[in-house]
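Shown next: protein.csv, given as CSV, N, CA and C atoms.
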```csv
chain,number,residue,atom,x,y,z
N,1,MET,N,-6.6,39.6,-19.2
N,1,MET,CA,-5.3,39.1,-18.7
N,1,MET,C,-4.7,38.3,-19.8
N,2,LEU,N,-3.4,38.7,-20.1
N,2,LEU,CA,-2.7,38.0,-21.2
N,2,LEU,C,-1.7,37.0,-20.7
N,3,VAL,N,-1.4,37.1,-19.4
N,3,VAL,CA,-0.4,36.2,-18.8
N,3,VAL,C,-0.9,35.7,-17.5
N,4,ARG,N,-0.6,34.5,-17.2
N,4,ARG,CA,-0.9,34.0,-15.8
N,4,ARG,C,0.3,33.3,-15.3
N,5,THR,N,0.4,33.4,-14.0
N,5,THR,CA,1.5,32.7,-13.3
N,5,THR,C,0.9,31.6,-12.4
N,6,HIS,N,1.7,30.6,-12.2
N,6,HIS,CA,1.2,29.5,-11.3
N,6,HIS,C,2.3,28.9,-10.5
N,7,GLN,N,1.9,28.3,-9.4
N,7,GLN,CA,2.9,27.7,-8.5
N,7,GLN,C,3.2,26.3,-9.0
N,8,SER,N,4.4,25.8,-8.8
N,8,SER,CA,4.7,24.5,-9.3
N,8,SER,C,5.7,23.9,-8.3
N,9,LEU,N,5.7,22.6,-8.2
N,9,LEU,CA,6.6,21.8,-7.3
N,9,LEU,C,8.0,22.0,-7.7
N,10,THR,N,8.9,22.1,-6.8
N,10,THR,CA,10.3,22.2,-7.1
N,10,THR,C,11.0,20.8,-7.0
N,11,TYR,N,12.2,20.7,-7.3
N,11,TYR,CA,12.9,19.5,-7.2
N,11,TYR,C,13.0,19.1,-5.7
N,12,ALA,N,13.2,20.1,-4.8
N,12,ALA,CA,13.3,19.8,-3.4
N,12,ALA,C,12.0,19.3,-2.9
N,13,GLY,N,10.9,19.8,-3.4
N,13,GLY,CA,9.6,19.3,-3.0
N,13,GLY,C,9.3,17.9,-3.5
N,14,ALA,N,9.8,17.7,-4.7
N,14,ALA,CA,9.7,16.4,-5.4
N,14,ALA,C,10.4,15.3,-4.6
N,15,ARG,N,11.6,15.7,-4.0
N,15,ARG,CA,12.4,14.7,-3.2
N,15,ARG,C,11.6,14.4,-1.9
N,16,VAL,N,11.0,15.4,-1.3
N,16,VAL,CA,10.2,15.2,-0.1
N,16,VAL,C,9.1,14.1,-0.4
N,17,ALA,N,8.4,14.4,-1.5
N,17,ALA,CA,7.3,13.4,-2.0
N,17,ALA,C,7.9,12.1,-2.3
N,18,LEU,N,9.0,12.0,-3.0
N,18,LEU,CA,9.6,10.7,-3.4
N,18,LEU,C,10.0,9.9,-2.1
N,19,ASP,N,10.7,10.6,-1.2
N,19,ASP,CA,11.1,9.9,0.0
N,19,ASP,C,10.0,9.4,0.8
N,20,ALA,N,8.9,10.1,1.0
N,20,ALA,CA,7.8,9.7,1.8
N,20,ALA,C,7.1,8.5,1.1
N,21,ALA,N,6.9,8.6,-0.3
N,21,ALA,CA,6.3,7.5,-1.0
N,21,ALA,C,7.1,6.2,-0.9
N,22,LEU,N,8.4,6.3,-1.0
N,22,LEU,CA,9.2,5.2,-0.9
N,22,LEU,C,9.2,4.6,0.5
N,23,ALA,N,9.1,5.4,1.5
N,23,ALA,CA,8.9,4.9,2.9
N,23,ALA,C,7.6,4.2,3.1
N,24,GLN,N,6.6,4.7,2.4
N,24,GLN,CA,5.3,4.0,2.5
N,24,GLN,C,5.3,2.7,1.8
N,25,GLY,N,6.0,2.6,0.6
N,25,GLY,CA,6.2,1.4,-0.1
N,25,GLY,C,6.9,0.3,0.7
N,26,THR,N,7.9,0.8,1.4
N,26,THR,CA,8.7,-0.1,2.3
N,26,THR,C,7.8,-0.6,3.4
N,27,ALA,N,7.0,0.3,4.0
N,27,ALA,CA,6.1,-0.1,5.1
N,27,ALA,C,5.0,-1.1,4.6
N,28,LEU,N,4.6,-1.0,3.4
N,28,LEU,CA,3.7,-2.0,2.8
N,28,LEU,C,4.4,-3.3,2.4
N,29,GLY,N,5.7,-3.4,2.5
N,29,GLY,CA,6.4,-4.6,2.1
N,29,GLY,C,6.5,-4.8,0.6
N,30,GLY,N,6.3,-3.8,-0.2
N,30,GLY,CA,6.3,-4.0,-1.6
N,30,GLY,C,7.5,-3.4,-2.3
N,31,ALA,N,7.5,-3.5,-3.6
N,31,ALA,CA,8.6,-2.9,-4.4
N,31,ALA,C,7.9,-2.1,-5.5
N,32,PHE,N,8.0,-0.8,-5.3
N,32,PHE,CA,7.3,0.2,-6.2
N,32,PHE,C,8.2,1.1,-7.0
N,33,ASN,N,7.7,1.5,-8.1
N,33,ASN,CA,8.2,2.6,-8.8
N,33,ASN,C,7.5,3.9,-8.5
N,34,VAL,N,8.1,5.0,-8.3
N,34,VAL,CA,7.5,6.2,-7.9
N,34,VAL,C,8.0,7.4,-8.8
N,35,ALA,N,7.1,8.1,-9.3
N,35,ALA,CA,7.4,9.3,-10.2
N,35,ALA,C,6.7,10.5,-9.6
N,36,VAL,N,7.5,11.6,-9.7
N,36,VAL,CA,6.9,12.9,-9.2
N,36,VAL,C,7.1,13.9,-10.3
N,37,THR,N,6.0,14.6,-10.7
N,37,THR,CA,6.1,15.6,-11.7
N,37,THR,C,5.7,17.0,-11.2
N,38,ASP,N,6.0,18.0,-12.0
N,38,ASP,CA,5.5,19.3,-11.7
N,38,ASP,C,4.1,19.5,-12.2
N,39,SER,N,3.5,20.6,-12.1
N,39,SER,CA,2.1,20.8,-12.5
N,39,SER,C,1.8,20.6,-14.0
N,40,THR,N,2.9,20.7,-14.8
N,40,THR,CA,2.7,20.5,-16.2
N,40,THR,C,3.0,19.0,-16.7
N,41,GLY,N,3.3,18.2,-15.7
N,41,GLY,CA,3.6,16.8,-16.1
N,41,GLY,C,5.1,16.5,-16.3
N,42,GLY,N,5.9,17.5,-16.2
N,42,GLY,CA,7.4,17.3,-16.4
N,42,GLY,C,8.0,16.5,-15.2
N,43,LEU,N,8.7,15.5,-15.5
N,43,LEU,CA,9.3,14.6,-14.5
N,43,LEU,C,10.3,15.4,-13.7
N,44,LEU,N,10.2,15.3,-12.4
N,44,LEU,CA,11.1,16.0,-11.4
N,44,LEU,C,12.0,14.9,-10.7
N,45,ALA,N,11.4,13.8,-10.3
N,45,ALA,CA,12.1,12.8,-9.6
N,45,ALA,C,11.5,11.4,-9.8
N,46,PHE,N,12.3,10.4,-9.8
N,46,PHE,CA,11.8,9.1,-10.1
N,46,PHE,C,12.7,8.1,-9.3
N,47,ALA,N,12.1,7.0,-8.8
N,47,ALA,CA,12.9,5.9,-8.2
N,47,ALA,C,12.2,4.6,-8.4
N,48,ARG,N,13.1,3.6,-8.6
N,48,ARG,CA,12.6,2.2,-8.7
N,48,ARG,C,13.2,1.5,-7.5
N,49,MET,N,12.3,1.0,-6.6
N,49,MET,CA,12.8,0.3,-5.4
N,49,MET,C,13.4,-1.1,-5.9
N,50,ASP,N,14.3,-1.6,-5.1
N,50,ASP,CA,14.9,-2.9,-5.4
N,50,ASP,C,13.8,-3.9,-5.6
N,51,GLY,N,13.8,-4.7,-6.6
N,51,GLY,CA,12.8,-5.7,-6.9
N,51,GLY,C,11.6,-5.2,-7.6
N,52,ALA,N,11.4,-3.9,-7.9
N,52,ALA,CA,10.2,-3.4,-8.6
N,52,ALA,C,10.4,-3.8,-10.0
N,53,PHE,N,9.2,-4.1,-10.7
N,53,PHE,CA,9.2,-4.4,-12.1
N,53,PHE,C,9.7,-3.2,-12.9
N,54,ALA,N,10.6,-3.5,-13.8
N,54,ALA,CA,11.1,-2.4,-14.6
N,54,ALA,C,10.0,-1.7,-15.5
N,55,VAL,N,9.1,-2.5,-16.0
N,55,VAL,CA,8.1,-1.9,-16.9
N,55,VAL,C,7.1,-1.1,-16.1
N,56,SER,N,7.0,-1.2,-14.8
N,56,SER,CA,6.2,-0.4,-14.0
N,56,SER,C,6.7,1.0,-13.8
N,57,GLY,N,7.9,1.2,-14.2
N,57,GLY,CA,8.5,2.6,-14.1
N,57,GLY,C,7.8,3.5,-15.0
N,58,SER,N,7.5,3.1,-16.2
N,58,SER,CA,6.8,4.0,-17.2
N,58,SER,C,5.4,4.1,-16.8
N,59,ILE,N,4.8,3.1,-16.1
N,59,ILE,CA,3.4,3.2,-15.7
N,59,ILE,C,3.3,4.3,-14.6
N,60,ALA,N,4.2,4.3,-13.6
N,60,ALA,CA,4.2,5.3,-12.5
N,60,ALA,C,4.4,6.7,-13.1
N,61,GLN,N,5.2,6.8,-14.1
N,61,GLN,CA,5.4,8.1,-14.8
N,61,GLN,C,4.1,8.5,-15.5
N,62,ASP,N,3.5,7.6,-16.2
N,62,ASP,CA,2.3,7.9,-16.9
N,62,ASP,C,1.1,8.3,-15.9
N,63,LYS,N,1.1,7.7,-14.8
N,63,LYS,CA,0.0,8.0,-13.8
N,63,LYS,C,0.2,9.5,-13.3
N,64,ALA,N,1.4,9.8,-13.0
N,64,ALA,CA,1.7,11.2,-12.6
N,64,ALA,C,1.4,12.2,-13.7
N,65,TRP,N,1.8,11.8,-14.9
N,65,TRP,CA,1.6,12.7,-16.1
N,65,TRP,C,0.1,12.8,-16.4
N,66,THR,N,-0.7,11.8,-16.2
N,66,THR,CA,-2.1,11.8,-16.4
N,66,THR,C,-2.8,12.8,-15.4
N,67,VAL,N,-2.4,12.7,-14.2
N,67,VAL,CA,-2.9,13.6,-13.2
N,67,VAL,C,-2.7,15.1,-13.6
N,68,ALA,N,-1.4,15.3,-14.0
N,68,ALA,CA,-1.1,16.7,-14.4
N,68,ALA,C,-1.8,17.1,-15.6
N,69,GLY,N,-1.9,16.2,-16.6
N,69,GLY,CA,-2.6,16.6,-17.9
N,69,GLY,C,-4.0,16.8,-17.8
N,70,PHE,N,-4.7,16.3,-16.7
N,70,PHE,CA,-6.1,16.5,-16.6
N,70,PHE,C,-6.4,17.4,-15.3
N,71,GLY,N,-5.4,18.3,-15.1
N,71,GLY,CA,-5.7,19.3,-14.1
N,71,GLY,C,-5.7,18.9,-12.6
N,72,GLY,N,-5.1,17.8,-12.3
N,72,GLY,CA,-5.1,17.4,-10.9
N,72,GLY,C,-6.1,16.4,-10.5
N,73,ILE,N,-6.8,15.7,-11.4
N,73,ILE,CA,-7.7,14.7,-11.1
N,73,ILE,C,-7.0,13.4,-10.8
N,74,PRO,N,-7.2,12.8,-9.6
N,74,PRO,CA,-6.6,11.5,-9.3
N,74,PRO,C,-7.0,10.5,-10.4
N,75,THR,N,-6.1,9.6,-10.7
N,75,THR,CA,-6.3,8.6,-11.8
N,75,THR,C,-7.5,7.7,-11.5
N,76,ASP,N,-7.7,7.3,-10.3
N,76,ASP,CA,-8.9,6.5,-10.0
N,76,ASP,C,-10.2,7.2,-10.1
N,77,VAL,N,-10.2,8.5,-9.8
N,77,VAL,CA,-11.4,9.4,-10.0
N,77,VAL,C,-11.6,9.6,-11.5
N,78,PHE,N,-10.5,9.7,-12.2
N,78,PHE,CA,-10.7,9.9,-13.7
N,78,PHE,C,-11.3,8.7,-14.3
N,79,TYR,N,-10.9,7.5,-13.8
N,79,TYR,CA,-11.5,6.3,-14.4
N,79,TYR,C,-13.0,6.2,-14.1
N,80,ASP,N,-13.3,6.6,-12.8
N,80,ASP,CA,-14.8,6.6,-12.4
N,80,ASP,C,-15.6,7.5,-13.3
N,81,ALA,N,-15.0,8.7,-13.7
N,81,ALA,CA,-15.7,9.7,-14.5
N,81,ALA,C,-16.0,9.2,-15.9
N,82,ILE,N,-15.1,8.3,-16.4
N,82,ILE,CA,-15.3,7.8,-17.8
N,82,ILE,C,-15.8,6.4,-17.9
N,83,ALA,N,-16.0,5.8,-16.7
N,83,ALA,CA,-16.4,4.4,-16.7
N,83,ALA,C,-17.7,4.1,-17.5
N,84,GLY,N,-18.7,5.0,-17.4
N,84,GLY,CA,-20.0,4.9,-18.1
N,84,GLY,C,-20.0,5.4,-19.5
N,85,GLU,N,-18.9,5.9,-20.0
N,85,GLU,CA,-18.9,6.5,-21.3
N,85,GLU,C,-18.0,5.6,-22.2
N,86,ASP,N,-18.6,4.7,-22.8
N,86,ASP,CA,-17.9,3.7,-23.6
N,86,ASP,C,-17.0,4.3,-24.7
N,87,ALA,N,-17.5,5.3,-25.4
N,87,ALA,CA,-16.7,5.9,-26.5
N,87,ALA,C,-15.5,6.6,-25.9
N,88,VAL,N,-15.7,7.4,-24.8
N,88,VAL,CA,-14.6,8.1,-24.2
N,88,VAL,C,-13.6,7.2,-23.6
N,89,ARG,N,-14.1,6.2,-22.9
N,89,ARG,CA,-13.2,5.2,-22.3
N,89,ARG,C,-12.3,4.5,-23.3
N,90,GLU,N,-13.0,4.1,-24.4
N,90,GLU,CA,-12.2,3.4,-25.5
N,90,GLU,C,-11.3,4.3,-26.2
N,91,GLY,N,-11.7,5.6,-26.4
N,91,GLY,CA,-10.8,6.5,-27.0
N,91,GLY,C,-9.6,6.9,-26.1
N,92,ILE,N,-9.8,7.0,-24.8
N,92,ILE,CA,-8.8,7.3,-23.9
N,92,ILE,C,-7.8,6.2,-23.9
N,93,ALA,N,-8.3,5.0,-24.0
N,93,ALA,CA,-7.4,3.8,-23.9
N,93,ALA,C,-6.4,3.8,-25.1
N,94,GLN,N,-6.8,4.5,-26.2
N,94,GLN,CA,-5.9,4.6,-27.4
N,94,GLN,C,-4.8,5.6,-27.2
N,95,ARG,N,-4.9,6.4,-26.2
N,95,ARG,CA,-3.9,7.5,-26.0
N,95,ARG,C,-2.8,6.8,-25.2
N,96,GLY,N,-1.6,6.9,-25.8
N,96,GLY,CA,-0.4,6.2,-25.2
N,96,GLY,C,-0.1,6.3,-23.8
N,97,ARG,N,-0.2,7.5,-23.2
N,97,ARG,CA,0.3,7.7,-21.9
N,97,ARG,C,-0.8,7.8,-20.8
N,98,VAL,N,-2.0,7.9,-21.2
N,98,VAL,CA,-3.1,8.1,-20.3
N,98,VAL,C,-3.3,6.8,-19.4
N,99,ALA,N,-3.2,7.0,-18.1
N,99,ALA,CA,-3.4,5.9,-17.2
N,99,ALA,C,-4.6,6.2,-16.3
N,100,ALA,N,-5.7,5.5,-16.6
N,100,ALA,CA,-6.9,5.7,-15.9
N,100,ALA,C,-7.2,4.6,-14.9
N,101,PHE,N,-6.3,4.4,-14.0
N,101,PHE,CA,-6.5,3.5,-12.9
N,101,PHE,C,-5.7,4.0,-11.7
N,102,GLY,N,-6.0,3.5,-10.5
N,102,GLY,CA,-5.5,4.0,-9.3
N,102,GLY,C,-4.0,4.0,-9.2
N,103,GLY,N,-3.5,5.1,-8.5
N,103,GLY,CA,-2.0,5.2,-8.3
N,103,GLY,C,-1.4,6.5,-8.7
N,104,GLY,N,-2.3,7.4,-9.2
N,104,GLY,CA,-1.8,8.7,-9.5
N,104,GLY,C,-2.6,9.8,-8.7
N,105,VAL,N,-1.9,10.6,-8.0
N,105,VAL,CA,-2.6,11.6,-7.1
N,105,VAL,C,-2.0,13.0,-7.3
N,106,PRO,N,-2.8,14.0,-7.1
N,106,PRO,CA,-2.2,15.4,-7.2
N,106,PRO,C,-1.5,15.8,-5.9
N,107,VAL,N,-0.5,16.7,-6.1
N,107,VAL,CA,0.1,17.3,-4.9
N,107,VAL,C,-0.6,18.7,-4.8
N,108,LEU,N,-1.2,18.9,-3.7
N,108,LEU,CA,-1.9,20.2,-3.4
N,108,LEU,C,-1.2,20.9,-2.2
N,109,VAL,N,-0.9,22.2,-2.4
N,109,VAL,CA,-0.4,23.0,-1.3
N,109,VAL,C,-1.3,24.2,-1.2
N,110,ASP,N,-1.9,24.3,0.0
N,110,ASP,CA,-2.9,25.3,0.3
N,110,ASP,C,-4.0,25.3,-0.8
N,111,GLY,N,-4.4,24.1,-1.2
N,111,GLY,CA,-5.5,23.9,-2.2
N,111,GLY,C,-5.1,24.2,-3.6
N,112,VAL,N,-3.8,24.5,-3.9
N,112,VAL,CA,-3.4,24.7,-5.2
N,112,VAL,C,-2.6,23.5,-5.8
N,113,PHE,N,-3.0,23.1,-7.0
N,113,PHE,CA,-2.4,22.0,-7.6
N,113,PHE,C,-1.0,22.4,-8.1
N,114,VAL,N,0.1,21.7,-7.6
N,114,VAL,CA,1.5,22.1,-7.9
N,114,VAL,C,2.2,20.9,-8.5
N,115,GLY,N,1.7,19.7,-8.5
N,115,GLY,CA,2.4,18.6,-9.0
N,115,GLY,C,1.6,17.3,-8.9
N,116,ALA,N,2.3,16.2,-9.2
N,116,ALA,CA,1.6,14.9,-9.1
N,116,ALA,C,2.6,13.8,-8.7
N,117,VAL,N,2.1,12.8,-8.1
N,117,VAL,CA,2.8,11.6,-7.7
N,117,VAL,C,2.2,10.4,-8.3
N,118,GLY,N,2.9,9.5,-9.0
N,118,GLY,CA,2.4,8.3,-9.5
N,118,GLY,C,3.2,7.1,-9.0
N,119,ALA,N,2.5,6.1,-8.6
N,119,ALA,CA,3.2,4.9,-8.1
N,119,ALA,C,2.7,3.6,-8.8
N,120,SER,N,3.5,2.7,-9.0
N,120,SER,CA,3.1,1.4,-9.7
N,120,SER,C,4.0,0.3,-9.1
N,121,GLY,N,3.4,-0.9,-9.0
N,121,GLY,CA,4.1,-2.0,-8.5
N,121,GLY,C,3.3,-2.9,-7.6
N,122,GLY,N,2.2,-2.4,-7.1
N,122,GLY,CA,1.3,-3.2,-6.2
N,122,GLY,C,-0.1,-3.2,-6.8
N,123,SER,N,-1.1,-3.4,-6.0
N,123,SER,CA,-2.5,-3.3,-6.4
N,123,SER,C,-2.8,-1.8,-6.6
N,124,ALA,N,-3.9,-1.5,-7.3
N,124,ALA,CA,-4.3,-0.1,-7.4
N,124,ALA,C,-4.4,0.6,-6.1
N,125,SER,N,-4.9,-0.1,-5.1
N,125,SER,CA,-5.1,0.5,-3.8
N,125,SER,C,-3.7,0.8,-3.1
N,126,GLN,N,-2.8,-0.2,-3.2
N,126,GLN,CA,-1.5,0.0,-2.7
N,126,GLN,C,-0.7,1.1,-3.4
N,127,ASP,N,-0.9,1.2,-4.7
N,127,ASP,CA,-0.2,2.2,-5.5
N,127,ASP,C,-0.7,3.6,-5.0
N,128,LYS,N,-2.0,3.7,-4.8
N,128,LYS,CA,-2.6,5.0,-4.4
N,128,LYS,C,-2.1,5.3,-3.0
N,129,GLN,N,-2.0,4.3,-2.1
N,129,GLN,CA,-1.4,4.6,-0.7
N,129,GLN,C,0.0,5.2,-0.8
N,130,VAL,N,0.8,4.6,-1.7
N,130,VAL,CA,2.2,5.0,-1.8
N,130,VAL,C,2.2,6.4,-2.4
N,131,ALA,N,1.5,6.7,-3.4
N,131,ALA,CA,1.4,8.0,-4.0
N,131,ALA,C,0.9,9.1,-3.1
N,132,THR,N,-0.2,8.7,-2.4
N,132,THR,CA,-0.8,9.6,-1.4
N,132,THR,C,0.2,10.0,-0.3
N,133,ALA,N,1.0,9.1,0.2
N,133,ALA,CA,2.0,9.4,1.2
N,133,ALA,C,2.9,10.4,0.7
N,134,GLY,N,3.3,10.3,-0.5
N,134,GLY,CA,4.2,11.3,-1.1
N,134,GLY,C,3.6,12.7,-1.2
N,135,ALA,N,2.4,12.7,-1.7
N,135,ALA,CA,1.6,14.0,-1.9
N,135,ALA,C,1.4,14.7,-0.5
N,136,ASP,N,1.0,13.8,0.4
N,136,ASP,CA,0.7,14.4,1.8
N,136,ASP,C,1.9,14.9,2.4
N,137,ALA,N,3.1,14.4,2.2
N,137,ALA,CA,4.3,14.9,2.8
N,137,ALA,C,4.6,16.3,2.3
N,138,VAL,N,4.3,16.6,1.1
N,138,VAL,CA,4.5,18.0,0.6
N,138,VAL,C,3.5,18.9,1.2
N,139,ALA,N,2.3,18.5,1.2
N,139,ALA,CA,1.2,19.3,1.7
N,139,ALA,C,1.3,19.7,3.2
N,140,ALA,N,2.0,18.8,3.9
N,140,ALA,CA,2.2,19.0,5.4
N,140,ALA,C,3.2,20.1,5.5
```

Structure encoded using C-alpha cells:
Amino acid sequence: MLVRTHQSLTYAGARVALDAALAQGTALGGAFNVAVTDSTGGLLAFARMDGAFAVSGSIAQDKAWTVAGFGGIPTDVFYDAIAGEDAVREGIAQRGRVAAFGGGVPVLVDGVFVGAVGASGGSASQDKQVATAGADAVAA
C-alpha cells in the first residue's frame, strides 16, 4: 500500500467540541483556554474564556498538539509513560511544544482518532475535565 487515508475532525466537529468544553469550564466556575486540533495537530478552533490567563492559550494548543503528535495518547497518560525514564523525560522537556501533563485528550469517533482537545487554566484535573467534555461531545 503506497497511500493511506484517514478520518479527521472538521471545523464543524471542532466547534461542537469547543462549545462543550467551554460549557464545562463555565460549570466548573473557571476561566479556561481551549484548543481543538485535527488528527495531525493542525489548529481548528480556539477560545479564551473571559478572565483566562493569556499565556495559557499556547499551553492549551500545545496540549492538543502533543496528543495529536503522539498518536492520540492523552497528555496525562503520556506523562505517566515517561515518568520513570529520566533521560526521556528530560529530553522531552527540551522539546518546545510537548506538554506532558493533564489537559490534553484525543477525540475518538467509533474508536478512530480524529482530533484532540487541549485545555488550560485550572488544575490538571480540571483541564482534563474540560477537554474531555469537548471530546465526548463529538464522540456522542

Counting all atoms listed in the file, which residue out of N:Gly42, N:Val67, N:Ala14, N:Met49 sits closest to Gly30 of chain N?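 Closest candidate: N:Met49.
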
Judged by only N, CA and C atoms, the minimum distance to Pro106 of chain N among N:Ala135, N:Ala124, N:Arg15, N:Tyr79 is found for N:Ala135

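Among the candidates N:Asp50, N:Asp38, N:Asp86, N:Asp136, the one nearest to Gly25 of chain N when counting only C-alpha atoms is N:Asp50.
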
If you run DSSP on the backbone, which residues of segment 1-104 of chain N are strand (DSSP E or B), as a list of chain:residue names?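 Here are the strand (DSSP E or B) residues of segment 1-104 of chain N: N:Asn33, N:Val34, N:Ala35, N:Val36, N:Thr37, N:Asp38, N:Leu43, N:Leu44, N:Ala45, N:Phe46, N:Ala47, N:Arg48, N:Gly104.
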
Closest of N:Ala31, N:Ala87, N:Ala54, N:Leu9 to Val117 of chain N - atom-to-atom distances counting only C-alpha atoms: N:Leu9

What's the separation between atom CA of Gly29 of chain N and atom CA of Gly122 of chain N, in Å to one decimal place?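 Atom-to-atom, atom CA of Gly29 of chain N and atom CA of Gly122 of chain N are spaced 9.8 Å apart.
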
Considering all atoms listed in the file, state which residue in the set N:Lys128, N:His6, N:Arg48, N:Lys63 is at the smallest distance from Ala99 of chain N. N:Lys63

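Between atom CA of Leu108 of chain N and atom CA of Gln24 of chain N the interatomic distance comes to 18.7 Å.
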
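Closest approach to Leu44 of chain N among N:Ala23, N:Ile59, N:Ala68, N:Gly13 is made by N:Gly13 (distances from only C-alpha atoms).
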
Using atom CA of Gly121 of chain N and atom CA of Leu22 of chain N as the two end points, give the distance in Å to one decimal.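 The value is 11.6 Å.
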
Give me, as a PyMOL selection string, all polymer residues having an atom no more than 7 Å from Ser39 of chain N, counting only N, CA and C atoms and skipping those fewer than 5 positions away in the same chain. chain N and resi 7-9+68-69+113-116

Emit the selected residues as a PDB file, in the frame of the given file, including N, CA and C atoms.
```
ATOM      1  N   GLN N   7       1.900  28.300  -9.400  1.00  0.00           N
ATOM      2  CA  GLN N   7       2.900  27.700  -8.500  1.00  0.00           C
ATOM      3  C   GLN N   7       3.200  26.300  -9.000  1.00  0.00           C
ATOM      4  N   SER N   8       4.400  25.800  -8.800  1.00  0.00           N
ATOM      5  CA  SER N   8       4.700  24.500  -9.300  1.00  0.00           C
ATOM      6  C   SER N   8       5.700  23.900  -8.300  1.00  0.00           C
ATOM      7  N   LEU N   9       5.700  22.600  -8.200  1.00  0.00           N
ATOM      8  CA  LEU N   9       6.600  21.800  -7.300  1.00  0.00           C
ATOM      9  C   LEU N   9       8.000  22.000  -7.700  1.00  0.00           C
ATOM     10  N   ALA N  68      -1.400  15.300 -14.000  1.00  0.00           N
ATOM     11  CA  ALA N  68      -1.100  16.700 -14.400  1.00  0.00           C
ATOM     12  C   ALA N  68      -1.800  17.100 -15.600  1.00  0.00           C
ATOM     13  N   GLY N  69      -1.900  16.200 -16.600  1.00  0.00           N
ATOM     14  CA  GLY N  69      -2.600  16.600 -17.900  1.00  0.00           C
ATOM     15  C   GLY N  69      -4.000  16.800 -17.800  1.00  0.00           C
ATOM     16  N   PHE N 113      -3.000  23.100  -7.000  1.00  0.00           N
ATOM     17  CA  PHE N 113      -2.400  22.000  -7.600  1.00  0.00           C
ATOM     18  C   PHE N 113      -1.000  22.400  -8.100  1.00  0.00           C
ATOM     19  N   VAL N 114       0.100  21.700  -7.600  1.00  0.00           N
ATOM     20  CA  VAL N 114       1.500  22.100  -7.900  1.00  0.00           C
ATOM     21  C   VAL N 114       2.200  20.900  -8.500  1.00  0.00           C
ATOM     22  N   GLY N 115       1.700  19.700  -8.500  1.00  0.00           N
ATOM     23  CA  GLY N 115       2.400  18.600  -9.000  1.00  0.00           C
ATOM     24  C   GLY N 115       1.600  17.300  -8.900  1.00  0.00           C
ATOM     25  N   ALA N 116       2.300  16.200  -9.200  1.00  0.00           N
ATOM     26  CA  ALA N 116       1.600  14.900  -9.100  1.00  0.00           C
ATOM     27  C   ALA N 116       2.600  13.800  -8.700  1.00  0.00           C
TER      28      ALA N 116
END
```

Near Ala133 of chain N, within 6 Å and counting only N, CA and C atoms, which residues show up once chain neighbours fewer than 5 positions away are dropped, as JSON, numbers by chain? {"N": [17, 20, 21, 128]}

DSSP helix (DSSP H, G or I) residues within segment 17-128 of chain N, as a ChimeraX atom specification: /N:17-28,56-69,75-82,86-93,124-128

Considering only C-alpha atoms, return as a list in words whatever protein or nucleic-acid residues lie within 10 Å of Phe46 of chain N, sequence-local ones (same chain, fewer than 6 positions apart) excluded.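 Using only C-alpha atoms, the neighbours found are Ala14, Arg15, Leu18, Asn33, Val34, Ala35, Val36, Thr37, Gly57, Ala60, Gln61, Val117, Gly118 and Ala119 of chain N.
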